[in-house]
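Coordinates from run21.cif are shown below (mmCIF, C-alpha atoms).
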```
data_protein
loop_
_atom_site.label_atom_id
_atom_site.label_comp_id
_atom_site.auth_asym_id
_atom_site.auth_seq_id
_atom_site.Cartn_x
_atom_site.Cartn_y
_atom_site.Cartn_z
CA MET A 1 2.78 26.87 27.55
CA ALA A 2 4.77 28.90 25.05
CA GLY A 3 7.17 25.97 24.56
CA ILE A 4 4.32 23.64 23.58
CA ARG A 5 2.97 26.22 21.14
CA LEU A 6 6.39 26.72 19.57
CA ALA A 7 6.88 22.93 19.24
CA SER A 8 3.49 22.52 17.56
CA GLU A 9 4.25 25.34 15.10
CA ILE A 10 7.59 23.75 14.21
CA PHE A 11 5.87 20.40 13.70
CA LEU A 12 3.08 21.82 11.54
CA VAL A 13 5.36 23.96 9.37
CA LEU A 14 7.68 21.53 7.64
CA ASP A 15 10.51 22.47 5.32
CA GLU A 16 9.78 21.37 1.75
CA ARG A 17 13.05 19.44 1.45
CA VAL A 18 12.37 17.49 4.63
CA ALA A 19 8.80 16.83 3.48
CA LEU A 20 9.99 15.58 0.08
CA LEU A 21 12.62 13.35 1.66
CA SER A 22 10.06 12.02 4.15
CA LEU A 23 7.57 11.27 1.38
CA ILE A 24 10.19 9.45 -0.73
CA LEU A 25 11.36 7.41 2.26
CA LEU A 26 7.80 6.55 3.23
CA ILE A 27 6.97 5.37 -0.30
CA MET A 28 10.15 3.30 -0.52
CA ALA A 29 9.66 1.85 2.96
CA ALA A 30 6.07 0.88 2.13
CA ALA A 31 7.04 -0.62 -1.23
CA ALA A 32 9.85 -2.83 0.14
CA PRO A 33 7.73 -5.25 2.23
CA ILE A 34 5.10 -5.40 -0.51
CA LEU A 35 7.77 -6.37 -3.02
CA LEU A 36 9.15 -8.96 -0.62
CA GLY A 37 5.63 -10.32 -0.17
CA TRP A 38 5.29 -10.82 -3.92
CA LEU A 39 8.71 -12.47 -4.04
CA ALA A 40 7.71 -14.83 -1.21
CA LEU A 41 4.76 -16.01 -3.31
CA LEU A 42 6.94 -17.04 -6.24
CA PRO A 43 7.58 -20.77 -6.52
CA SER A 44 10.99 -21.85 -5.33
CA GLU A 45 13.56 -23.07 -7.81
CA SER A 46 14.51 -26.71 -7.96
CA GLU A 47 17.69 -27.80 -6.24
CA PRO A 48 20.71 -27.91 -8.56
CA PHE A 49 21.40 -31.62 -7.96
CA ALA A 50 17.80 -32.80 -7.68
CA PHE A 51 16.54 -35.65 -9.83
CA ARG A 52 14.18 -34.88 -12.69
CA GLY A 53 10.56 -34.93 -11.65
CA GLU A 54 11.42 -34.46 -7.97
CA SER A 55 9.23 -31.72 -6.57
CA SER A 56 10.76 -29.01 -4.44
CA GLY A 57 7.71 -28.82 -2.17
CA LYS A 58 4.83 -26.41 -2.39
CA LYS A 59 4.65 -23.35 -0.22
CA PRO A 60 1.49 -22.90 1.83
CA ARG A 61 -0.74 -20.12 0.50
CA ASP A 62 -3.46 -18.07 2.10
CA PRO A 63 -5.90 -16.78 -0.56
CA PHE A 64 -7.16 -13.93 1.63
CA ALA A 65 -3.58 -12.81 2.35
CA ILE A 66 -2.89 -12.74 -1.40
CA PHE A 67 -6.09 -10.72 -1.91
CA LEU A 68 -4.88 -8.25 0.71
CA LEU A 69 -1.44 -8.07 -0.91
CA VAL A 70 -3.01 -7.23 -4.29
CA ASN A 71 -5.12 -4.50 -2.72
CA ILE A 72 -2.21 -3.06 -0.72
CA SER A 73 -0.16 -2.93 -3.93
CA ILE A 74 -2.92 -0.98 -5.68
CA SER A 75 -3.33 1.23 -2.63
CA LEU A 76 0.37 2.07 -2.65
CA LEU A 77 0.30 2.86 -6.37
CA LEU A 78 -2.66 5.21 -5.87
CA ARG A 79 -0.71 7.25 -3.30
CA ILE A 80 2.38 7.80 -5.44
CA PRO A 81 2.35 11.41 -6.67
CA GLY A 82 2.27 11.72 -10.43
CA LEU A 83 0.45 8.44 -11.07
CA ASP A 84 -2.96 9.55 -12.23
CA ALA A 85 -5.72 7.01 -11.70
CA LEU A 86 -8.35 9.29 -13.27
CA PRO A 87 -8.16 7.79 -16.81
CA LEU A 88 -8.65 4.30 -15.39
CA LEU A 89 -11.46 5.49 -13.16
CA SER A 90 -13.25 7.23 -16.05
CA ARG A 91 -13.20 3.98 -18.05
CA MET A 92 -14.49 2.07 -15.05
CA VAL A 93 -17.30 4.58 -14.45
CA ARG A 94 -18.53 4.10 -18.03
CA LEU A 95 -19.05 0.41 -17.30
CA LEU A 96 -21.15 1.10 -14.21
CA PRO A 97 -24.74 2.35 -14.12
CA ALA A 98 -25.09 6.14 -14.15
CA GLU A 99 -26.39 6.39 -10.57
CA TRP A 100 -23.31 4.52 -9.28
CA GLY A 101 -20.84 6.75 -11.10
CA GLU A 102 -21.04 9.58 -8.57
CA ASN A 103 -20.07 7.41 -5.63
CA THR A 104 -17.39 5.28 -7.29
CA LEU A 105 -14.53 7.63 -6.43
CA VAL A 106 -15.58 7.93 -2.79
CA ILE A 107 -16.01 4.17 -2.44
CA ALA A 108 -12.60 3.50 -4.04
CA PHE A 109 -10.94 6.09 -1.81
CA ILE A 110 -12.46 4.55 1.33
CA TRP A 111 -11.68 0.99 0.18
CA PHE A 112 -8.02 1.56 -0.63
CA GLY A 113 -7.53 3.66 2.50
CA PHE A 114 -9.14 0.95 4.65
CA ILE A 115 -7.39 -2.11 3.19
CA PRO A 116 -3.88 -1.41 4.58
CA GLY A 117 -5.25 -1.29 8.12
CA LEU A 118 -7.24 -4.47 7.53
CA ALA A 119 -4.13 -6.24 6.21
CA ALA A 120 -2.10 -5.18 9.25
CA ALA A 121 -4.84 -6.32 11.62
CA TYR A 122 -5.28 -9.63 9.75
CA SER A 123 -1.55 -10.33 9.88
CA THR A 124 -1.44 -9.51 13.57
CA VAL A 125 -4.19 -12.00 14.37
CA ARG A 126 -3.65 -14.81 11.86
CA ALA A 127 -0.43 -16.51 10.84
CA ASN A 128 0.14 -16.75 7.09
CA PRO A 129 3.16 -17.22 4.81
CA ILE A 130 3.50 -13.47 4.13
CA ARG A 131 2.59 -12.32 7.62
CA TRP A 132 5.32 -9.79 8.35
CA GLN A 133 5.22 -8.38 4.80
CA LEU A 134 1.50 -7.67 5.14
CA LEU A 135 1.92 -6.26 8.63
CA VAL A 136 4.76 -3.86 7.83
CA GLY A 137 3.47 -3.03 4.33
CA GLY A 138 -0.03 -2.40 5.69
CA VAL A 139 1.16 -0.11 8.49
CA LEU A 140 3.45 1.89 6.21
CA THR A 141 0.86 2.16 3.42
CA LEU A 142 -1.69 3.34 5.97
CA ALA A 143 0.85 5.91 7.19
CA LEU A 144 1.28 7.00 3.57
CA TRP A 145 -2.49 7.40 3.18
CA LEU A 146 -2.75 9.41 6.38
CA GLY A 147 0.47 11.45 6.17
CA GLY A 148 0.91 11.71 2.40
CA PRO A 149 -1.52 14.60 1.85
CA TRP A 150 0.09 16.56 4.69
CA LEU A 151 3.57 15.98 3.20
CA LEU A 152 2.36 16.94 -0.29
CA THR A 153 0.85 20.13 1.11
CA ALA A 154 4.18 20.97 2.75
CA ILE A 155 6.00 20.34 -0.53
CA VAL A 156 3.60 22.35 -2.71
CA GLY A 157 3.09 25.09 -0.13
CA ALA A 158 6.73 26.11 -0.38
CA ALA A 159 6.62 26.67 -4.14
#
```
Can the structure from this file be put into structure tokens for me?
Amino acid sequence: MAGIRLASEIFLVLDERVALLSLILLIMAAAAPILLGWLALLPSESEPFAFRGESSGKKPRDPFAIFLLVNISISLLLRIPGLDALPLLSRMVRLLPAEWGENTLVIAFIWFGFIPGLAAAYSTVRANPIRWQLLVGGVLTLALWLGGPWLLTAIVGAA
């Protein structure tokens, strides 16, 4: 019983250097598949010895997968410490009716926290051209949303 308690205390109290390293690695690991997803959407270059006017073939595209990739990208950017979304949100709130302004932040927080899980589930169920990028990027961005505040608390708590 004492061993379980000691293990839980070690797990809950994290050294600030380990927490910072974990946060940086989690951000980089989440950004890599998202970047590769965007690169997979770029049109391919023509072959060096192809004739003029010969098409290189179009890649299949899934509009909903691209929508999820855009939202995962925004979700990742919102979880990077130091990037303040408040100025953008204040401009957006001015465009909305006054009664909606109070709930905009909560709705945005829920939406961008929910989207990575939806992207991972969608990629698990349905095949699309950027399937593995959405799956890995969604899981890691969701981990960043769930574990990021805990890591930030461990980093700030040591100061």
Would you place a box with edges along x, y and z of the file around all atoms of range 12-31 of chain A listed there, add 4 Å to each of its six sides, and report the centre and edge lengths in Å to one decimal, as JSON?
```
{"center_x": 8.1, "center_y": 11.7, "center_z": 5.2, "size_x": 18.0, "size_y": 32.6, "size_z": 20.8}
```
Return as a PyMOL selection string the set of residues that the PyMOL selection byres ((chain A and resi 106-110) around 12) yields on the displayed structure. chain A and resi 71+74-75+78-79+85-86+89+92-93+100-105+111-117+142+145-146
I'd like to see the residues matched by the PyMOL selection byres ((chain A and resi 37) around 9) on this file, and ideally I'd get them as a PDB file with C-alpha atoms, in the frame of the given file.
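File written: result30.pdb
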```pdb
ATOM      1  CA  ALA A  32       9.850  -2.830   0.140  1.00  0.00           C
ATOM      2  CA  PRO A  33       7.730  -5.250   2.230  1.00  0.00           C
ATOM      3  CA  ILE A  34       5.100  -5.400  -0.510  1.00  0.00           C
ATOM      4  CA  LEU A  35       7.770  -6.370  -3.020  1.00  0.00           C
ATOM      5  CA  LEU A  36       9.150  -8.960  -0.620  1.00  0.00           C
ATOM      6  CA  TRP A  38       5.290 -10.820  -3.920  1.00  0.00           C
ATOM      7  CA  LEU A  39       8.710 -12.470  -4.040  1.00  0.00           C
ATOM      8  CA  ALA A  40       7.710 -14.830  -1.210  1.00  0.00           C
ATOM      9  CA  LEU A  41       4.760 -16.010  -3.310  1.00  0.00           C
ATOM     10  CA  ILE A  66      -2.890 -12.740  -1.400  1.00  0.00           C
ATOM     11  CA  LEU A  69      -1.440  -8.070  -0.910  1.00  0.00           C
ATOM     12  CA  PRO A 129       3.160 -17.220   4.810  1.00  0.00           C
ATOM     13  CA  ILE A 130       3.500 -13.470   4.130  1.00  0.00           C
ATOM     14  CA  ARG A 131       2.590 -12.320   7.620  1.00  0.00           C
ATOM     15  CA  TRP A 132       5.320  -9.790   8.350  1.00  0.00           C
ATOM     16  CA  GLN A 133       5.220  -8.380   4.800  1.00  0.00           C
ATOM     17  CA  LEU A 134       1.500  -7.670   5.140  1.00  0.00           C
ATOM     18  CA  GLY A 137       3.470  -3.030   4.330  1.00  0.00           C
TER      19      GLY A 137
END
```
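The residue that comes closest to Ile27 in chain A, out of A:Gly148, A:Pro97, A:Pro43, A:Gly82 and on the basis of all atoms listed in the file, is A:Gly148.
With CA of Leu14 in chain A on one side and CA of Ala30 in chain A on the other, the separation reads 21.4 Å.
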Please write the residues picked by the PyMOL selection byres ((chain A and resi 155) around 8) on this file as number ranges by chain. A: 15-17, 19-20, 151-154, 156-159
Provide the CA of Leu76 in chain A to CA of Thr141 in chain A distance in Å, to one decimal place.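 Spanning CA of Leu76 in chain A to CA of Thr141 in chain A is a straight-line distance of 6.1 Å.
Of note, CA of Val136 in chain A and CA of Leu118 in chain A are spaced 12.0 Å apart.
Using all atoms listed in the file, the shortest contact distance between Ser73 in chain A and any of A:Leu96, A:Val18, A:Val125, A:Leu140 is found at A:Leu140.
With only C-alpha atoms as the basis for measurement, A:Ala65 is the residue among A:Ala65, A:Val70, A:Leu95, A:Leu83 that approaches Leu135 in chain A most closely.
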